[in-house]
Structure formats: structure tokens, C-alpha cells
>>> print(open('start.cif').read())   # mmCIF, C-alpha atoms
data_coords
loop_
_atom_site.label_atom_id
_atom_site.label_comp_id
_atom_site.auth_asym_id
_atom_site.auth_seq_id
_atom_site.Cartn_x
_atom_site.Cartn_y
_atom_site.Cartn_z
CA MET R 21 94.43 61.87 121.52
CA ASN R 22 92.78 59.80 118.85
CA ILE R 23 93.99 62.01 116.02
CA ALA R 24 97.51 61.86 117.42
CA ARG R 25 97.33 58.08 117.39
CA ILE R 26 96.15 57.98 113.78
CA LYS R 27 98.94 60.36 112.78
CA ARG R 28 101.48 58.20 114.56
CA LYS R 29 100.24 55.11 112.76
CA LYS R 30 100.43 56.95 109.47
CA ARG R 31 104.03 58.00 110.09
CA LEU R 32 105.00 54.48 111.09
CA PHE R 33 103.35 53.17 107.94
CA ILE R 34 105.18 55.70 105.76
CA ILE R 35 108.52 54.76 107.30
CA PHE R 36 107.75 51.09 106.80
CA LEU R 37 106.83 51.65 103.15
CA ALA R 38 109.84 53.87 102.50
CA PHE R 39 112.14 51.30 104.04
CA LEU R 40 110.56 48.53 102.01
CA ALA R 41 110.99 50.52 98.78
CA LEU R 42 114.57 51.32 99.69
CA SER R 43 115.37 47.70 100.46
CA ILE R 44 113.92 46.53 97.19
CA SER R 45 115.75 49.15 95.15
CA GLY R 46 118.92 48.45 97.09
CA PHE R 47 118.59 44.77 96.35
CA LEU R 48 118.04 45.47 92.64
CA ILE R 49 121.06 47.78 92.43
CA LEU R 50 123.28 45.28 94.18
CA ASN R 51 122.00 42.47 92.02
CA ALA R 52 122.65 44.46 88.84
CA SER R 53 126.17 45.43 89.86
CA ARG R 54 127.08 41.95 91.00
CA ASP R 55 130.04 41.70 88.65
CA SER R 56 131.80 44.75 90.00
CA LEU R 57 131.08 43.81 93.59
CA ILE R 58 132.76 40.46 93.24
CA TYR R 59 136.33 40.94 94.32
CA PHE R 60 137.69 37.86 92.57
CA TYR R 61 136.68 35.00 90.26
CA SER R 62 137.25 31.33 90.82
CA PRO R 63 139.22 29.35 88.21
CA SER R 64 135.98 27.71 86.97
CA GLU R 65 134.35 31.10 86.42
CA ILE R 66 137.46 32.35 84.59
CA LEU R 67 137.47 29.41 82.23
CA GLU R 68 133.74 29.78 81.53
CA LYS R 69 133.89 33.52 80.84
CA GLN R 70 135.08 34.80 77.49
CA GLY R 71 136.91 38.01 76.68
CA LEU R 72 138.84 38.21 79.91
CA GLN R 73 142.21 38.17 78.16
CA GLU R 74 144.49 41.17 78.69
CA LYS R 75 142.11 42.70 81.23
CA ILE R 76 143.20 43.23 84.81
CA ILE R 77 141.23 40.76 86.89
CA ARG R 78 141.60 38.85 90.15
CA ILE R 79 141.37 35.14 90.63
CA GLY R 80 141.00 33.41 93.95
CA GLY R 81 141.25 29.84 95.15
CA LEU R 82 143.58 27.50 96.97
CA VAL R 83 147.25 27.05 96.12
CA GLU R 84 147.34 23.47 94.90
CA GLU R 85 149.46 21.08 96.99
CA ASN R 86 152.89 20.30 95.49
CA SER R 87 152.41 22.75 92.64
CA VAL R 88 154.64 25.61 93.85
CA SER R 89 157.93 25.78 91.98
CA TYR R 90 160.57 28.48 92.03
CA LYS R 91 162.01 29.24 88.60
CA ASN R 92 164.65 31.45 90.17
CA SER R 93 164.91 33.38 93.42
CA THR R 94 161.89 35.64 92.77
CA ARG R 95 159.99 34.01 89.93
CA ILE R 96 157.40 31.55 91.13
CA GLU R 97 154.80 29.33 89.50
CA PHE R 98 151.87 27.54 91.10
CA ASN R 99 148.37 26.30 90.37
CA VAL R 100 145.29 27.98 91.80
CA THR R 101 142.40 25.56 92.16
CA ASP R 102 138.81 25.64 93.35
CA GLY R 103 138.65 21.88 93.64
CA ASN R 104 137.16 21.70 90.16
CA LYS R 105 139.31 23.58 87.65
CA LYS R 106 142.82 24.97 88.00
CA ILE R 107 144.85 27.76 86.46
CA LEU R 108 148.62 28.15 86.28
CA VAL R 109 149.83 31.39 87.84
CA THR R 110 153.23 33.00 87.37
CA TYR R 111 154.46 35.73 89.65
CA ILE R 112 157.60 37.77 90.21
CA GLY R 113 157.94 39.47 93.57
CA ILE R 114 157.61 39.08 97.30
CA LEU R 115 154.95 36.75 98.67
CA PRO R 116 152.84 37.48 101.79
CA ASP R 117 153.73 35.55 104.96
CA LEU R 118 150.63 33.42 104.86
CA PHE R 119 151.24 32.19 101.32
CA ARG R 120 151.61 28.43 101.43
CA GLU R 121 150.32 25.32 99.72
CA GLY R 122 146.73 24.48 100.57
CA GLN R 123 146.08 28.06 101.67
CA GLY R 124 143.65 30.53 100.10
CA VAL R 125 145.16 33.09 97.74
CA ILE R 126 144.04 35.96 95.54
CA CYS R 127 146.08 36.95 92.47
CA GLU R 128 145.67 40.20 90.58
CA GLY R 129 146.93 40.34 87.02
CA LYS R 130 146.16 39.35 83.44
CA LEU R 131 145.28 36.15 81.68
CA ASN R 132 147.58 35.72 78.68
CA ALA R 133 146.77 34.08 75.35
CA LEU R 134 148.12 30.73 76.52
CA GLY R 135 145.70 30.64 79.45
CA THR R 136 148.38 31.31 82.02
CA PHE R 137 147.68 33.93 84.62
CA GLU R 138 150.44 36.53 84.95
CA ALA R 139 150.01 37.96 88.43
CA ASN R 140 151.52 41.22 89.55
CA ARG R 141 150.03 41.19 93.02
CA ILE R 142 149.39 38.30 95.41
CA LEU R 143 147.23 38.50 98.52
CA ALA R 144 146.83 35.71 101.04
CA LYS R 145 143.24 34.95 101.99
CA HIS R 146 142.65 34.03 105.57
CA ASP R 147 139.91 31.57 106.53
CA GLU R 148 137.49 31.95 109.43
CA ASN R 149 139.12 29.35 111.68
CA TYR R 150 141.10 30.49 114.68
CA MET R 151 142.87 28.07 117.01
CA PRO R 152 146.13 27.58 118.89
CA PRO R 153 148.88 25.63 117.04
CA GLU R 154 148.63 22.64 119.42
CA VAL R 155 144.92 22.25 118.70
CA ALA R 156 145.54 22.39 114.95
CA GLU R 157 148.22 19.73 115.40
CA LYS R 158 145.85 17.46 117.35
CA LEU R 159 143.06 17.91 114.83
CA LYS R 160 145.36 16.94 111.99
CA LYS R 161 146.55 13.87 113.88
CA SER R 162 143.08 12.64 114.73
CA GLY R 163 141.95 13.15 111.15
CA LYS R 164 139.22 15.61 112.14
CA TRP R 165 140.87 18.40 110.12
CA LYS R 166 138.21 20.16 108.10
CA GLY R 167 140.53 22.51 106.21
CA GLU R 168 142.25 21.76 102.96
CA MET W 10 106.02 48.18 128.60
CA ALA W 11 104.56 51.44 127.35
CA GLY W 12 104.63 52.68 130.92
CA ILE W 13 108.35 52.04 131.29
CA PHE W 14 108.94 53.63 127.93
CA ASN W 15 107.01 56.78 128.78
CA PHE W 16 108.76 56.92 132.13
CA LEU W 17 112.18 56.89 130.48
CA ALA W 18 111.20 59.20 127.65
CA SER W 19 111.34 62.25 129.87
CA PRO W 20 114.80 63.76 129.35
CA SER W 21 115.18 65.04 132.90
CA ARG W 22 114.25 61.66 134.31
CA PHE W 23 116.75 60.02 132.02
CA ARG W 24 119.36 62.53 133.17
CA ARG W 25 118.84 61.63 136.80
CA LEU W 26 118.90 57.92 136.00
CA SER W 27 122.08 58.14 133.93
CA GLU W 28 123.70 60.25 136.61
CA ARG W 29 123.16 57.40 139.00
CA LEU W 30 124.13 54.68 136.51
CA TYR W 31 127.30 55.95 134.87
CA PRO W 32 129.72 55.21 137.76
CA TYR W 33 128.62 51.58 137.60
CA THR W 34 129.01 51.30 133.84
CA ILE W 35 132.48 52.87 134.08
CA PHE W 36 133.42 50.38 136.77
CA LEU W 37 132.20 47.47 134.60
CA MET W 38 134.03 48.89 131.59
CA VAL W 39 137.33 49.05 133.50
CA LEU W 40 136.79 45.56 134.91
CA PHE W 41 136.14 44.02 131.49
CA LEU W 42 138.98 46.01 129.93
CA ILE W 43 141.46 44.62 132.45
CA LEU W 44 140.16 41.07 131.89
CA GLY W 45 140.12 41.52 128.12
CA LEU W 46 143.63 42.93 127.98
CA TRP W 47 144.98 40.28 130.33
CA TYR W 48 143.57 37.46 128.24
CA GLY W 49 144.04 39.21 124.91
CA ILE W 50 147.67 40.23 125.26
CA TYR W 51 149.08 37.78 127.76
CA SER W 52 147.03 34.73 128.59
CA SER W 53 145.81 33.50 125.19
CA PRO W 54 147.66 31.37 122.65
CA PRO W 55 148.91 32.56 119.26
CA ASP W 56 147.02 31.35 116.19
CA TYR W 57 148.21 28.31 114.22
CA GLN W 58 148.54 30.39 111.06
CA GLN W 59 148.65 34.09 111.90
CA GLY W 60 150.79 33.73 115.01
CA GLU W 61 150.70 36.76 117.30
CA THR W 62 148.79 38.95 114.83
CA VAL W 63 145.59 37.22 115.96
CA ARG W 64 145.66 39.50 119.04
CA ILE W 65 144.61 42.42 116.83
CA MET W 66 141.31 40.60 116.40
CA TYR W 67 140.46 41.17 120.09
CA VAL W 68 140.06 44.88 119.48
CA HIS W 69 139.08 44.76 115.80
CA VAL W 70 136.08 42.43 116.02
CA PRO W 71 134.42 43.96 119.13
CA ALA W 72 134.89 47.44 117.62
CA ALA W 73 133.19 46.27 114.42
CA TRP W 74 130.34 44.73 116.45
CA MET W 75 129.89 47.97 118.36
CA ALA W 76 129.94 49.97 115.12
CA MET W 77 126.98 47.93 113.88
CA MET W 78 125.18 47.65 117.23
CA ILE W 79 125.28 51.40 117.79
CA TYR W 80 124.01 52.01 114.29
CA PHE W 81 121.19 49.55 114.85
CA SER W 82 120.13 51.26 118.07
CA MET W 83 120.36 54.65 116.31
CA THR W 84 117.98 53.32 113.67
CA LEU W 85 115.47 52.31 116.34
CA MET W 86 115.83 55.73 118.00
CA SER W 87 115.30 57.46 114.66
CA ILE W 88 112.07 55.53 114.12
CA PHE W 89 110.92 56.45 117.64
CA SER W 90 111.80 60.05 116.98
CA LEU W 91 109.96 60.23 113.65
CA VAL W 92 106.87 58.29 114.72
CA TRP W 93 106.43 59.06 118.40
CA ARG W 94 108.32 62.38 118.44
CA HIS W 95 110.19 61.57 121.62
CA PRO W 96 112.73 64.31 122.35
CA LEU W 97 114.93 61.80 124.16
CA ALA W 98 115.22 59.56 121.09
CA ASP W 99 116.75 62.41 119.05
CA LEU W 100 119.11 63.23 121.85
CA LEU W 101 120.31 59.64 122.26
CA ALA W 102 120.83 59.23 118.51
CA LYS W 103 122.78 62.48 118.44
CA GLU W 104 125.06 61.46 121.29
CA SER W 105 125.52 57.92 119.92
CA ALA W 106 126.78 58.96 116.49
CA PRO W 107 130.29 60.18 117.47
CA ILE W 108 130.89 57.05 119.57
CA GLY W 109 129.72 54.86 116.69
CA ALA W 110 131.97 56.74 114.26
CA MET W 111 134.90 56.20 116.60
CA PHE W 112 134.31 52.44 116.84
CA THR W 113 133.98 52.23 113.05
CA LEU W 114 137.28 54.07 112.68
CA ILE W 115 138.92 51.70 115.16
CA ALA W 116 137.58 48.70 113.23
CA LEU W 117 138.87 50.12 109.93
CA VAL W 118 142.34 51.06 111.21
CA THR W 119 142.99 47.91 113.25
CA GLY W 120 141.68 45.83 110.34
CA SER W 121 144.15 47.58 108.08
CA ILE W 122 147.00 46.92 110.52
CA TRP W 123 145.93 43.26 110.61
CA GLY W 124 145.58 43.04 106.84
CA LYS W 125 149.13 44.12 106.10
CA PRO W 126 150.89 41.12 107.70
CA THR W 127 148.08 38.64 106.97
CA TRP W 128 146.82 39.43 103.48
CA GLY W 129 149.82 41.41 102.31
CA THR W 130 147.92 44.68 101.81
CA TRP W 131 146.65 47.57 103.93
CA TRP W 132 143.42 48.01 102.01
CA VAL W 133 141.38 46.42 99.22
CA TRP W 134 138.09 47.56 97.74
CA ASP W 135 136.17 44.39 98.46
CA ALA W 136 132.52 44.43 99.47
CA ARG W 137 133.08 44.09 103.23
CA LEU W 138 135.74 46.77 103.59
CA THR W 139 133.93 49.20 101.31
CA SER W 140 130.57 48.79 103.06
CA VAL W 141 132.17 49.46 106.46
CA LEU W 142 133.83 52.58 105.05
CA ILE W 143 130.39 53.72 103.87
CA LEU W 144 129.08 53.13 107.42
CA PHE W 145 131.82 55.44 108.69
CA PHE W 146 130.78 58.16 106.24
CA ILE W 147 127.12 57.81 107.24
CA TYR W 148 128.11 58.33 110.88
CA LEU W 149 130.05 61.44 109.90
CA GLY W 150 127.08 62.59 107.82
CA HIS W 151 124.83 62.22 110.86
CA VAL W 152 127.13 64.37 112.99
CA ALA W 153 127.51 66.97 110.23
CA LEU W 154 123.80 67.13 109.38
CA ILE W 155 122.78 68.02 112.95
CA LYS W 156 125.47 70.71 113.09
CA LEU W 157 124.44 72.10 109.71
CA PHE W 158 120.90 73.06 110.72
CA ASP W 159 120.36 76.12 112.90
CA ASP W 160 117.08 74.65 114.06
CA GLU W 161 118.02 71.61 116.11
CA GLU W 162 114.66 69.93 115.60
CA LYS W 163 114.97 70.11 111.81
CA GLY W 164 118.54 68.85 111.96
CA SER W 165 117.51 65.87 114.09
CA LYS W 166 114.71 65.05 111.67
CA ALA W 167 117.05 65.11 108.68
CA ALA W 168 119.59 63.01 110.58
CA ALA W 169 116.89 60.48 111.55
CA ILE W 170 115.88 60.09 107.91
CA LEU W 171 119.52 59.63 106.92
CA THR W 172 119.95 56.98 109.61
CA ILE W 173 116.92 55.00 108.46
CA ILE W 174 118.02 55.13 104.81
CA GLY W 175 121.56 54.12 105.80
CA ALA W 176 120.26 51.14 107.74
CA ILE W 177 120.17 49.09 104.51
CA ASN W 178 123.93 49.11 104.81
CA LEU W 179 123.77 46.93 107.94
CA PRO W 180 122.64 43.67 106.31
CA ILE W 181 125.01 44.45 103.44
CA ILE W 182 127.95 44.63 105.85
CA LYS W 183 126.88 41.50 107.69
CA PHE W 184 126.26 39.31 104.66
CA SER W 185 128.77 40.83 102.19
CA VAL W 186 131.23 38.07 103.02
CA ASP W 187 128.64 35.42 102.15
CA TRP W 188 127.01 37.03 99.10
CA TRP W 189 130.10 38.05 97.18
CA ASN W 190 133.62 36.76 96.88
CA THR W 191 135.51 39.04 99.24
CA LEU W 192 139.05 39.08 100.55
CA HIS W 193 137.62 39.40 104.05
CA GLN W 194 136.89 36.01 105.63
CA PRO W 195 133.34 34.98 106.64
CA ALA W 196 132.05 35.31 110.21
CA SER W 197 133.68 33.16 112.90
CA VAL W 198 131.49 33.86 115.92
CA MET W 199 128.08 35.03 114.70
CA ARG W 200 127.30 32.06 112.48
CA LEU W 201 124.53 29.49 112.42
CA ASP W 202 126.60 26.33 112.86
CA GLY W 203 128.44 27.56 115.97
CA PRO W 204 131.66 29.53 116.24
CA SER W 205 134.73 28.34 114.35
CA ILE W 206 137.04 29.89 116.88
CA HIS W 207 138.80 28.17 119.74
CA ILE W 208 137.44 28.85 123.23
CA ASP W 209 140.78 30.30 124.43
CA MET W 210 140.44 32.99 121.76
CA MET W 211 136.74 33.45 122.35
CA ILE W 212 137.27 34.51 126.00
CA PRO W 213 139.29 37.70 125.33
CA LEU W 214 136.97 38.50 122.42
CA ILE W 215 133.86 38.38 124.63
CA PHE W 216 135.51 40.32 127.48
CA MET W 217 136.59 43.05 125.08
CA ALA W 218 133.12 43.17 123.55
CA PHE W 219 131.63 43.80 127.01
CA ALA W 220 134.30 46.41 127.77
CA PHE W 221 133.40 48.28 124.57
CA LEU W 222 129.68 47.92 125.27
CA PHE W 223 130.08 49.51 128.71
CA TYR W 224 132.32 52.17 127.22
CA TYR W 225 129.48 53.08 124.86
CA LEU W 226 126.89 53.13 127.66
CA SER W 227 129.13 55.17 129.99
CA PHE W 228 129.87 57.88 127.50
CA LEU W 229 126.35 57.88 126.11
CA PHE W 230 125.15 58.63 129.65
CA ILE W 231 127.85 61.24 130.24
CA ASN W 232 127.38 63.00 126.90
CA THR W 233 123.62 63.04 127.28
CA GLN W 234 123.89 64.60 130.73
CA ALA W 235 126.32 67.21 129.43
CA GLU W 236 123.95 68.11 126.61
CA LEU W 237 120.94 68.32 128.95
CA TYR W 238 122.80 70.59 131.39
CA LYS W 239 123.81 72.78 128.46
CA ARG W 240 120.20 73.06 127.31
CA ARG W 241 119.00 73.92 130.81
CA VAL W 242 121.57 76.68 131.11
CA LYS W 243 120.55 78.06 127.75
CA LYS W 244 116.88 77.97 128.72
CA ILE W 245 117.45 79.74 132.05
CA TYR W 246 119.65 82.29 130.32
CA LEU W 247 116.97 83.08 127.75
CA GLN W 248 114.28 83.30 130.44
CA ASN W 249 116.39 85.77 132.44
CA LEU W 250 116.97 87.80 129.32
CA MET W 251 113.25 87.99 128.64
CA ARG W 252 112.48 88.92 132.21
CA LYS W 253 114.95 91.81 132.04
CA GLU W 254 113.41 93.10 128.85
CA LYS W 255 110.03 93.26 130.49
CA MET B 5 157.89 37.39 115.38
CA SER B 6 158.99 40.80 116.64
CA ASN B 7 157.58 42.18 113.40
CA GLN B 8 154.16 40.68 114.22
CA LEU B 9 154.25 42.20 117.68
CA THR B 10 154.91 45.62 116.16
CA TYR B 11 151.64 45.36 114.24
CA VAL B 12 149.83 44.22 117.40
CA PHE B 13 151.33 47.11 119.36
CA PHE B 14 150.20 49.71 116.85
CA ALA B 15 146.68 48.27 116.64
CA TYR B 16 146.25 48.43 120.43
CA PHE B 17 147.98 51.79 120.63
CA PHE B 18 145.63 53.32 118.08
CA THR B 19 142.54 51.78 119.69
CA PHE B 20 143.30 53.02 123.18
CA PHE B 21 144.56 56.37 121.98
CA VAL B 22 141.20 57.07 120.32
CA LEU B 23 139.16 55.60 123.19
CA ILE B 24 140.98 57.73 125.77
CA ILE B 25 140.82 60.94 123.71
CA LEU B 26 137.04 60.63 123.34
CA ALA B 27 136.63 59.70 127.01
CA VAL B 28 138.63 62.70 128.24
CA LYS B 29 136.87 65.07 125.87
CA SER B 30 133.40 63.79 126.87
CA TYR B 31 134.08 63.93 130.58
CA SER B 32 135.62 67.40 130.51
CA THR B 33 132.65 68.71 128.52
CA TYR B 34 130.34 67.12 131.07
CA LEU B 35 132.17 68.72 134.01
CA ALA B 36 132.26 72.11 132.32
CA ASN B 37 128.52 72.03 131.62
CA LEU B 38 127.73 70.80 135.11
CA LYS B 39 129.78 73.66 136.60
CA LYS B 40 128.00 76.22 134.45
CA PHE B 41 124.63 74.76 135.36
CA LYS B 42 125.35 74.88 139.08
CA LYS B 43 126.52 78.47 138.85
CA PHE B 44 123.40 79.44 136.96
CA ASP B 45 121.15 77.54 139.29
CA ILE B 46 122.53 79.42 142.30
CA ASN B 47 122.12 82.74 140.49
CA VAL B 48 118.53 81.96 139.69
CA LYS B 49 117.72 80.93 143.24
CA LYS B 50 119.18 84.18 144.55
#
>>> encode(input="start.cif", output="C-alpha cells")
Amino acid sequence: MNIARIKRKKRLFIIFLAFLALSISGFLILNASRDSLIYFYSPSEILEKQGLQEKIIRIGGLVEENSVSYKNSTRIEFNVTDGNKKILVTYIGILPDLFREGQGVICEGKLNALGTFEANRILAKHDENYMPPEVAEKLKKSGKWKGE
Amino acid sequence: MAGIFNFLASPSRFRRLSERLYPYTIFLMVLFLILGLWYGIYSSPPDYQQGETVRIMYVHVPAAWMAMMIYFSMTLMSIFSLVWRHPLADLLAKESAPIGAMFTLIALVTGSIWGKPTWGTWWVWDARLTSVLILFFIYLGHVALIKLFDDEEKGSKAAAILTIIGAINLPIIKFSVDWWNTLHQPASVMRLDGPSIHIDMMIPLIFMAFAFLFYYLSFLFINTQAELYKRRVKKIYLQNLMRKEK
Amino acid sequence: MSNQLTYVFFAYFFTFFVLIILAVKSYSTYLANLKKFKKFDINVKK
């Protein structure tokens, strides 16, 4: 009985140690591969980083209010901002339904030499707020709107 | 506490208990399913941005919760099985894995169907989506590993080790949306500063979550009973065989 | 609008399709094993 108990404790201890070691190594691996785990960069990060030109990258942020302009029926230009820095994005193609000013967006494409982002894919980012339209309307009216 | 645990740890006792319990859990499952579907499809408002697509969330989010909850309970069972060598713990982990895999698949597919109209894509390799896909593969690995071994005890041991190693994936799934920039939005319900989801949308979500929870319990009970009956038959068969040889 | 409902329909359809398949499979396995067990049990008692 006593030996069984000691064995049990030993096994529990081994599992605890193994899990601890795994967690630490997992954390280190994830920390080291941070760059490839990040799905998109913010405009500030893009402007800080060097050598991103002509590489396929993704930028994410909000579509700046009043910045969307249609050059012709399919060519569109707008600013993506993170509230700090902004980048001009050009895009030819069909936009997702949720694309609108003030809404989160992710653009995949290349940064050209002029610092303009030429996107070839646009994804709308959804935020974590869910509510009926009437509630959203009321919130906006009462000035309690937290969103952008 | 230890008394209750030892009481339940006997497989035949658990079989009798689950035999008595499963009609009730099926009844609760059906009840919550009807409530969840009524509120989810009919009696809840569309979202201010997504419109009707928000209704996909009422199956997607509870399925994702179940995928993680089942994995968490499998981790606990694996620890019990490795440390205390309870035969029931192995059995419950074994019967949980296919149900967990199914809920993960539901979360992945419904998420994809939601992503197309909302994000504009079926799939992206961001941290959240990828880590849930890995969870699905771990579930499949668990099922395969037990089948692979001829000796069931060895198979269960290997599967328990796999489950414990794979458990690091759970916090990664949960916090991936906070740690890295992902396309997937952060949590709306399970967050520290209170849910950012309107009560009318919370109701179908909670009902569906309970429906899925009782689905899991019902079929865990049923599958466990089936497996125990199968083992009994095998045992009696082998005993008869040995008696004849004598 | 109708387009959105199509997505909703397929999400629910898939979910319940999978849930029902697994439920039917589990329950039929359970009944089959129970039947076998009862048959064996009677044989043993005889």
C-alpha cells in the first residue's frame, strides 16, 4: 500500500515535470517564431521595419474615414490606419461585404518603392462586438459608442 | 471526495449509473436543442454588421467550447490513468475522443462557412485557425493510436501521453487571438471585462452550449456502456473457450 | 440577404448532419452490443 502510494507520487511528479518542461519549450518556440505567427502587421510596424519592399506581406488596421476613393469601377484606393500611422493601399478587385470606412481590414500584397501598398487580396476583419442594429443605433445616438 | 472517486472508478458501477442517467441527459439535450434552435434561428435579432450570418455563431462557438472542454477533461482523465491507473479513466478518454473530434470539425467547418461572407475567405493560416486544426489532428491521433496497438493497455498509455503533450495547445488556442495579430476576432463571452455580446444573442448561445454539453454526456454514457458490454462478452467468450479446452 | 441565409442553412445543415450521424452510429452500436451481451448471458446461465 505504501509502496503503491510512493510510486503514484513519483508518476504524478514526473508528469508535472514533463508538462513543465514542455510548456517552457513550447513558450520558447512560440516566442522565437513570433514573426511567422503574426498574421498581419500594423502600419506603424510596417514603417519601422526595413526590407519589406517587394515581399508579400499583410497589413491590418482600420479603413480611415473619408479616405476611400474609386479610381474607376474596380480600382480603389484607401488609407489603412492604426490610429498612429497610415498607409495608402491600392486594390483592384471585389471587396468583401463587410468592407466599409471605420471597419477593420487586412490587405495582402506588396509594398512598392513609393511606400504605397499594392494589395491583391482584401479581407474584412470582424470585431468581437455583437448586437442588434437597433441597439447599435441607440448607442451611437447616446454617444456611448465604443467602436471606431 | 476520494470515496466518491473510488466508488465511480469501478467500470461496472459506472455502467449501471450511466444506464440510469442517459435517458435524462438525452431529454435535457433535446430540450436545450429546441430552445437553442428556436432562439437561434427565429427569435433573435440579426447583427448590426453581419446581418443574418451571426446565426452561424450559435453553433460555431458552442462547438468550439465543447472541442476545448472535452480535450481538457481528456487531459485530466489521462493524468488519472497514468498516475492512479484507473481503468475507467482510459475508457472515458477513449470514448470522448471521437466526440471531441466531431465538435472540432463542426467548429472548423461552420467557422469556414461564416468566414466566407464575413471576412471574404474560407480559410486563412492565422494562429487561431491553425491551432484549432492542430487540435483536430491530435484528436484523430488519439483515436488512431488506440487502434494501432494490439494491446489495449499499451495503446491507452500512448494515447494518454499524447493527450497530455497536446494539452499545451489549449492555452495557445484560447490566447492566440490576444498574443498575436490574427484575423479571428478576440473572445466575446469568456473575457475578463464582461461579455461584449448583446443579451438577445447570448441566450441562444448559452442554450446551444448546454445542448452540446448534454449531447456529449449522453453519447459518452452510451458509448461507454457499449464498450463495457463488448468487453464482458469477450471475457465470457474466452472463459467458455478455456473451459472447453480443459 | 437570401445569400446570407444560404450560408446559415449550410452551417446548420452540416452541424446537425454530423451530430445525427454520430448519434445513430453510437446508439446502434450500443444496442447491438447489448443484444449480444444478453444472448451470451442467457447461454452462460443455462
>>> resolve_selection(input="start.cif", expression="the PyMOL selection byres ((chain B and resi 19-29) around 12)", output="number ranges by chain")
W: 35, 38, 42, 46, 65-72, 107-120, 122, 217, 220-221, 224-232, 235; B: 12-18, 30-36
>>> residues_around(input="start.cif", residues="Tyr61 (chain R)", least_positions_apart="4", cutoff="8 Å", atoms="all atoms listed in the file", output="ChimeraX atom specification")
/R:65-66,78-80 /W:190
>>> resolve_selection(input="start.cif", expression="the PyMOL selection byres ((chain W) within 6 of (chain R))", output="list of chain:residue names")
W:Pro54, W:Pro55, W:Asp56, W:Tyr57, W:Val92, W:Trp128, W:Gly129, W:Asp135, W:Trp189, W:Asn190, W:Thr191, W:Gln194, W:Pro195, W:Ser197, W:Ser205, W:Ile206, W:His207
>>> resolve_selection(input="start.cif", expression="the PyMOL selection byres ((chain W and resi 41) around 12)", output="PDB file with C-alpha atoms, in the frame of the given file")
ATOM      1  CA  THR W  34     129.010  51.300 133.840  1.00  0.00           C
ATOM      2  CA  ILE W  35     132.480  52.870 134.080  1.00  0.00           C
ATOM      3  CA  PHE W  36     133.420  50.380 136.770  1.00  0.00           C
ATOM      4  CA  LEU W  37     132.200  47.470 134.600  1.00  0.00           C
ATOM      5  CA  MET W  38     134.030  48.890 131.590  1.00  0.00           C
ATOM      6  CA  VAL W  39     137.330  49.050 133.500  1.00  0.00           C
ATOM      7  CA  LEU W  40     136.790  45.560 134.910  1.00  0.00           C
ATOM      8  CA  LEU W  42     138.980  46.010 129.930  1.00  0.00           C
ATOM      9  CA  ILE W  43     141.460  44.620 132.450  1.00  0.00           C
ATOM     10  CA  LEU W  44     140.160  41.070 131.890  1.00  0.00           C
ATOM     11  CA  GLY W  45     140.120  41.520 128.120  1.00  0.00           C
ATOM     12  CA  LEU W  46     143.630  42.930 127.980  1.00  0.00           C
ATOM     13  CA  TRP W  47     144.980  40.280 130.330  1.00  0.00           C
ATOM     14  CA  TYR W  48     143.570  37.460 128.240  1.00  0.00           C
ATOM     15  CA  GLY W  49     144.040  39.210 124.910  1.00  0.00           C
ATOM     16  CA  ILE W 212     137.270  34.510 126.000  1.00  0.00           C
ATOM     17  CA  PRO W 213     139.290  37.700 125.330  1.00  0.00           C
ATOM     18  CA  LEU W 214     136.970  38.500 122.420  1.00  0.00           C
ATOM     19  CA  ILE W 215     133.860  38.380 124.630  1.00  0.00           C
ATOM     20  CA  PHE W 216     135.510  40.320 127.480  1.00  0.00           C
ATOM     21  CA  MET W 217     136.590  43.050 125.080  1.00  0.00           C
ATOM     22  CA  ALA W 218     133.120  43.170 123.550  1.00  0.00           C
ATOM     23  CA  PHE W 219     131.630  43.800 127.010  1.00  0.00           C
ATOM     24  CA  ALA W 220     134.300  46.410 127.770  1.00  0.00           C
ATOM     25  CA  PHE W 221     133.400  48.280 124.570  1.00  0.00           C
ATOM     26  CA  LEU W 222     129.680  47.920 125.270  1.00  0.00           C
ATOM     27  CA  PHE W 223     130.080  49.510 128.710  1.00  0.00           C
ATOM     28  CA  TYR W 224     132.320  52.170 127.220  1.00  0.00           C
TER      29      TYR W 224
END
>>> residues_around(input="start.cif", residues="Gly113 (chain R)", least_positions_apart="5", cutoff="12 Å", atoms="only C-alpha atoms", output="count of residues only")
13
>>> residues_around(input="start.cif", residues="Thr136 (chain R)", least_positions_apart="5", cutoff="12 Å", atoms="only C-alpha atoms", output="list in words")
Pro63, Ile66, Leu67, Leu72, Gln73, Glu74, Ile79, Glu97, Phe98, Asn99, Val100, Lys106, Ile107, Leu108, Val109, Thr110, Tyr111, Gly129, Lys130 and Leu131 of chain R
>>> axis_aligned_box(input="start.cif", around="region 132-150 of chain R", padding_each_side="3 Å", output="AutoDock Vina command-line options")
--center_x 144.5 --center_y 35.3 --center_z 95.0 --size_x 20.0 --size_y 17.9 --size_z 45.3
>>> atom_distance(input="start.cif", atom1="CA of Thr172 (chain W)", atom2="CA of Gly150 (chain W)")
9.2 Å
